[in-house]
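Undergrad: Shown below is the structure under consideration.
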Amino acid sequence: MVDRAAFGRTGHDSSRVIFAAAALGSMRQDRADQVLATLLEFGVNHIDTAASYGDSELRVAPWLGTHRDQFFLATKTGERTGDGARAGLEASLTRLGVDSVDLIQLHNLVEPGEWETAHGPGGAVEALARARDEGLVKFIGVTGHGLRIAGMHVRSLQRFDFSSVLLPYNFTVMSDDGYRADVEELLQLCQERDVAVQTIKSVARRRWPEGTEPEYSWYEPLADRDALGRAVRYILGRPGLFLNSSSDARLLRPILEAATAGGPVPADEEMAADVDRHGIEPLFDGGALERI
């Protein structure tokens, strides 16, 4: 079974591997049901979805009908205005078939203009705080991609008391000195405030080569099982981090098997060797490749 840890100050002990329900976005219901059954097999008790993940919320809904009390349920909104965020949350509740969710997250809040709108009067943060007071959601978080997001999360936490953050974390992205410095500042702040930290892109290999048709995910994942296992242990070897599984559902079981197998935290030399051996490349560069 996957280890569990306190998900920040929420009072919930979440599996350290969180199911990234983006993997269900274009699936048939019968296939989605098979994938969701894997969560029970490995003791995964935390589902992360979003309004923008295709049919993901709809695929999760039948499962929640009989398993709602077994899962911490998180979704996301990309809306920045208060009215939009409230409407988006209510639509998500309808699609999920629930009266409330445990966590609503502002999705990819990184651009300065959008950040100001979301945090300003009549913005999404204000509206979601009201929804929390009304019992539609228990906690509010913030997510993002790219090399600027760790610094923006620090700024967000200085403005509002978010319960969780989500950001890229793997050996390659952490090899960027500027990003690493921002992440370390963020992690220190999260530790001080008991804010949960979710990581994404743990098993990313690179963007799909030009001329290649993307499969299941916008980035190419690691195919080598040993390298994937080291990538998983690189994340879980750091206390306090949660690993969100891949949007490629084929990787769910390998990730969970790696998480439950245990083993030593790989040395930087091992991770660097995997970069060379498997052609692992950064997904983000702070410029042209900053946005997915």
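Ordering of the structure tokens sets the chain letters (A, B, ...); residue numbers start at 1 within each chain; ligands are numbered from 1 in the order shown.
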Extract, using only C-alpha atoms, all DNA, RNA and protein residues at most 12 Å from A:Trp208, discarding same-chain residues fewer than 6 positions from it, and format them as number ranges by chain.
TA: A: 214-222, 279-283, 292
Undergrad: Could you please take those selected residues and save C-alpha atoms as a PDB file, in the first residue's frame?
TA:
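Writing done, so here's part26.pdb:
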ATOM      1  CA  PRO A 214       1.412  13.146 -28.814  1.00  0.00           C
ATOM      2  CA  GLU A 215      -0.029  10.114 -27.024  1.00  0.00           C
ATOM      3  CA  TYR A 216      -2.307  10.487 -23.999  1.00  0.00           C
ATOM      4  CA  SER A 217      -0.228  13.309 -22.515  1.00  0.00           C
ATOM      5  CA  TRP A 218       1.237  16.504 -23.969  1.00  0.00           C
ATOM      6  CA  TYR A 219       4.715  15.386 -22.851  1.00  0.00           C
ATOM      7  CA  GLU A 220       6.550  12.124 -23.428  1.00  0.00           C
ATOM      8  CA  PRO A 221       6.892  10.118 -20.201  1.00  0.00           C
ATOM      9  CA  LEU A 222       9.721   7.846 -19.157  1.00  0.00           C
ATOM     10  CA  GLY A 279      17.479  11.818 -23.367  1.00  0.00           C
ATOM     11  CA  ILE A 280      15.535  13.565 -20.611  1.00  0.00           C
ATOM     12  CA  GLU A 281      14.999  17.235 -21.386  1.00  0.00           C
ATOM     13  CA  PRO A 282      13.452  20.163 -19.489  1.00  0.00           C
ATOM     14  CA  LEU A 283       9.776  20.737 -20.229  1.00  0.00           C
ATOM     15  CA  ILE A 292       2.104  24.102 -22.192  1.00  0.00           C
TER      16      ILE A 292
END
Undergrad: Counting only C-alpha atoms, what is within 6 Å of A:Leu167, bar same-chain residues fewer than 4 positions away, as a count of residues only?
TA: 4
Undergrad: Name the residues in contact with A:Arg230 at a cut-off of 10 Å, using only C-alpha atoms, excluding same-chain residues fewer than 6 positions from it; report them as a list of chain:residue names.
TA: A:Ser202, A:Val203, A:Leu236, A:Gly237, A:Ala258, A:Ala259, A:Gly263, A:Pro264, A:Val265, A:Pro266, A:Ala267, A:Glu270, A:Met271, A:Asp274
Undergrad: What's around A:Thr81 at 10 Å? Count only C-alpha atoms, leave out sequence neighbours fewer than 4 positions away in its own chain, and write the answer as a list of chain:residue names.
TA: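 In the requested form, the answer reads A:Ala85, A:Arg86, A:Ala87, A:Glu114, A:Thr117, A:Ala118, A:His119, A:Gly120, A:Pro121, A:Gly122, A:Gly123, A:Ala124, A:Val125, A:Glu126, A:Ala127.
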Undergrad: For the selection just defined, write its residues with N, CA and C atoms to a file, as an mmCIF file, in the first residue's frame.
TA:
data_model
loop_
_atom_site.group_PDB
_atom_site.id
_atom_site.type_symbol
_atom_site.label_atom_id
_atom_site.label_comp_id
_atom_site.auth_asym_id
_atom_site.auth_seq_id
_atom_site.Cartn_x
_atom_site.Cartn_y
_atom_site.Cartn_z
ATOM 1 N N ALA A 85 -15.506 31.979 -11.135
ATOM 2 C CA ALA A 85 -15.034 30.913 -10.256
ATOM 3 C C ALA A 85 -16.201 30.246 -9.529
ATOM 4 N N ARG A 86 -17.173 31.047 -9.082
ATOM 5 C CA ARG A 86 -18.335 30.479 -8.393
ATOM 6 C C ARG A 86 -19.131 29.591 -9.345
ATOM 7 N N ALA A 87 -19.373 30.087 -10.553
ATOM 8 C CA ALA A 87 -20.106 29.292 -11.535
ATOM 9 C C ALA A 87 -19.336 28.023 -11.892
ATOM 10 N N GLU A 114 -3.590 37.995 -14.558
ATOM 11 C CA GLU A 114 -4.575 37.055 -14.037
ATOM 12 C C GLU A 114 -4.466 36.958 -12.515
ATOM 13 N N THR A 117 -6.215 39.932 -10.950
ATOM 14 C CA THR A 117 -7.666 39.777 -11.042
ATOM 15 C C THR A 117 -8.177 38.785 -10.004
ATOM 16 N N ALA A 118 -7.512 37.642 -9.909
ATOM 17 C CA ALA A 118 -7.958 36.592 -8.993
ATOM 18 C C ALA A 118 -7.895 37.042 -7.546
ATOM 19 N N HIS A 119 -6.867 37.812 -7.192
ATOM 20 C CA HIS A 119 -6.686 38.228 -5.802
ATOM 21 C C HIS A 119 -7.371 39.563 -5.480
ATOM 22 N N GLY A 120 -7.833 40.249 -6.495
ATOM 23 C CA GLY A 120 -8.415 41.565 -6.284
ATOM 24 C C GLY A 120 -9.864 41.513 -5.848
ATOM 25 N N PRO A 121 -10.453 42.687 -5.606
ATOM 26 C CA PRO A 121 -11.873 42.754 -5.236
ATOM 27 C C PRO A 121 -12.745 42.111 -6.310
ATOM 28 N N GLY A 122 -13.677 41.292 -5.895
ATOM 29 C CA GLY A 122 -14.551 40.617 -6.847
ATOM 30 C C GLY A 122 -13.868 39.489 -7.593
ATOM 31 N N GLY A 123 -12.671 39.089 -7.133
ATOM 32 C CA GLY A 123 -11.912 38.050 -7.814
ATOM 33 C C GLY A 123 -12.237 36.647 -7.334
ATOM 34 N N ALA A 124 -11.559 35.677 -7.955
ATOM 35 C CA ALA A 124 -11.823 34.268 -7.671
ATOM 36 C C ALA A 124 -11.516 33.901 -6.223
ATOM 37 N N VAL A 125 -10.442 34.432 -5.672
ATOM 38 C CA VAL A 125 -10.077 34.078 -4.297
ATOM 39 C C VAL A 125 -11.184 34.473 -3.323
ATOM 40 N N GLU A 126 -11.667 35.669 -3.483
ATOM 41 C CA GLU A 126 -12.737 36.163 -2.622
ATOM 42 C C GLU A 126 -13.987 35.291 -2.734
ATOM 43 N N ALA A 127 -14.346 34.927 -3.955
ATOM 44 C CA ALA A 127 -15.549 34.120 -4.174
ATOM 45 C C ALA A 127 -15.389 32.711 -3.621
#
Undergrad: Excluding A:Leu243 and its own-chain neighbours fewer than 5 positions away, which residues fall within 12 Å of it when counting only C-alpha atoms? Please give them as a ChimeraX atom specification.
TA: /A:2-5,7,14-20,44,46-48,166-170,196-203,231-238,252,255-256,258-259
Undergrad: Write down as JSON, numbers by chain the residues of stretch 54-289 of chain A whose backbone DSSP state falls under helix (DSSP H, G or I).
TA: {"A": [56, 57, 58, 59, 60, 61, 62, 63, 64, 65, 66, 67, 68, 69, 70, 82, 83, 84, 85, 86, 87, 88, 89, 90, 91, 92, 93, 94, 95, 96, 112, 113, 114, 115, 116, 117, 118, 119, 124, 125, 126, 127, 128, 129, 130, 131, 132, 133, 149, 150, 151, 152, 153, 154, 155, 156, 157, 158, 159, 173, 174, 175, 177, 178, 179, 180, 181, 182, 183, 184, 185, 186, 187, 188, 189, 190, 191, 192, 193, 225, 226, 227, 228, 229, 230, 231, 232, 233, 234, 235, 236, 249, 250, 251, 252, 253, 254, 255, 256, 257, 258, 259, 260, 261, 268, 269, 270, 271, 272, 273, 274, 275, 276, 277, 278]}
Undergrad: Mind checking which residues fall within 10 Å of A:Tyr179, counting only C-alpha atoms, ignoring those fewer than 5 positions away in the same chain, and posting them as a CSV table (one decimal) with N, CA, C and O atoms, in the first residue's frame?
TA:
chain,number,residue,atom,x,y,z
A,146,GLY,N,5.6,25.6,-15.2
A,146,GLY,CA,6.6,26.5,-15.7
A,146,GLY,C,7.6,26.9,-14.6
A,146,GLY,O,7.4,26.7,-13.4
A,147,LEU,N,8.7,27.6,-15.0
A,147,LEU,CA,9.8,28.0,-14.1
A,147,LEU,C,9.4,29.2,-13.2
A,147,LEU,O,10.2,29.5,-12.3
A,148,ARG,N,8.4,29.9,-13.5
A,148,ARG,CA,8.0,31.1,-12.7
A,148,ARG,C,7.1,30.7,-11.6
A,148,ARG,O,6.8,31.6,-10.7
A,149,ILE,N,6.5,29.5,-11.6
A,149,ILE,CA,5.4,29.3,-10.7
A,149,ILE,C,5.8,29.2,-9.2
A,149,ILE,O,5.0,29.6,-8.3
A,150,ALA,N,7.0,28.7,-8.9
A,150,ALA,CA,7.4,28.6,-7.5
A,150,ALA,C,7.4,30.0,-6.9
A,150,ALA,O,6.9,30.2,-5.7
A,151,GLY,N,8.0,30.9,-7.6
A,151,GLY,CA,8.0,32.3,-7.1
A,151,GLY,C,6.7,32.9,-7.0
A,151,GLY,O,6.4,33.6,-6.0
A,168,PRO,N,5.7,21.8,-10.7
A,168,PRO,CA,6.6,20.8,-11.3
A,168,PRO,C,7.8,20.6,-10.3
A,168,PRO,O,8.3,21.5,-9.7
A,169,TYR,N,8.2,19.3,-10.2
A,169,TYR,CA,9.3,18.9,-9.4
A,169,TYR,C,9.9,17.6,-9.9
A,169,TYR,O,9.2,16.6,-9.9
A,173,VAL,N,14.1,19.7,-13.8
A,173,VAL,CA,13.7,21.0,-13.5
A,173,VAL,C,14.4,21.6,-12.2
A,173,VAL,O,14.7,22.8,-12.2
A,174,MET,N,14.7,20.7,-11.3
A,174,MET,CA,15.4,21.2,-10.1
A,174,MET,C,16.9,21.4,-10.3
A,174,MET,O,17.6,21.9,-9.5
A,184,GLU,N,13.0,26.1,-3.1
A,184,GLU,CA,13.4,25.9,-1.7
A,184,GLU,C,12.8,27.0,-0.8
A,184,GLU,O,12.4,26.7,0.4
A,185,GLU,N,12.7,28.2,-1.3
A,185,GLU,CA,12.0,29.3,-0.5
A,185,GLU,C,10.6,28.9,-0.3
A,185,GLU,O,10.0,29.1,0.8
A,286,GLY,N,11.5,28.9,-19.2
A,286,GLY,CA,11.3,30.3,-18.8
A,286,GLY,C,11.0,31.2,-19.9
A,286,GLY,O,10.8,32.4,-19.7
Undergrad: Between atom CA of A:Asp224 and atom CA of A:Asp176, what distance in Å does the model show, to one decimal?
TA: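 Between atom CA of A:Asp224 and atom CA of A:Asp176 the gap works out to 23.7 Å.
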Undergrad: Could you please write out, as a PyMOL selection string, every residue of stretch 9-160 of chain A that DSSP assigns to strand (DSSP E)?
TA: chain A and resi 13-15+17-20+46-48+72-77+101-106+137-143
Undergrad: Counting only C-alpha atoms, which residue out of A:Trp63, A:Phe160, A:Tyr53, A:Phe284 sits closest to A:Arg205?
TA: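 Among the listed residues, the smallest separation from A:Arg205 belongs to A:Phe284.
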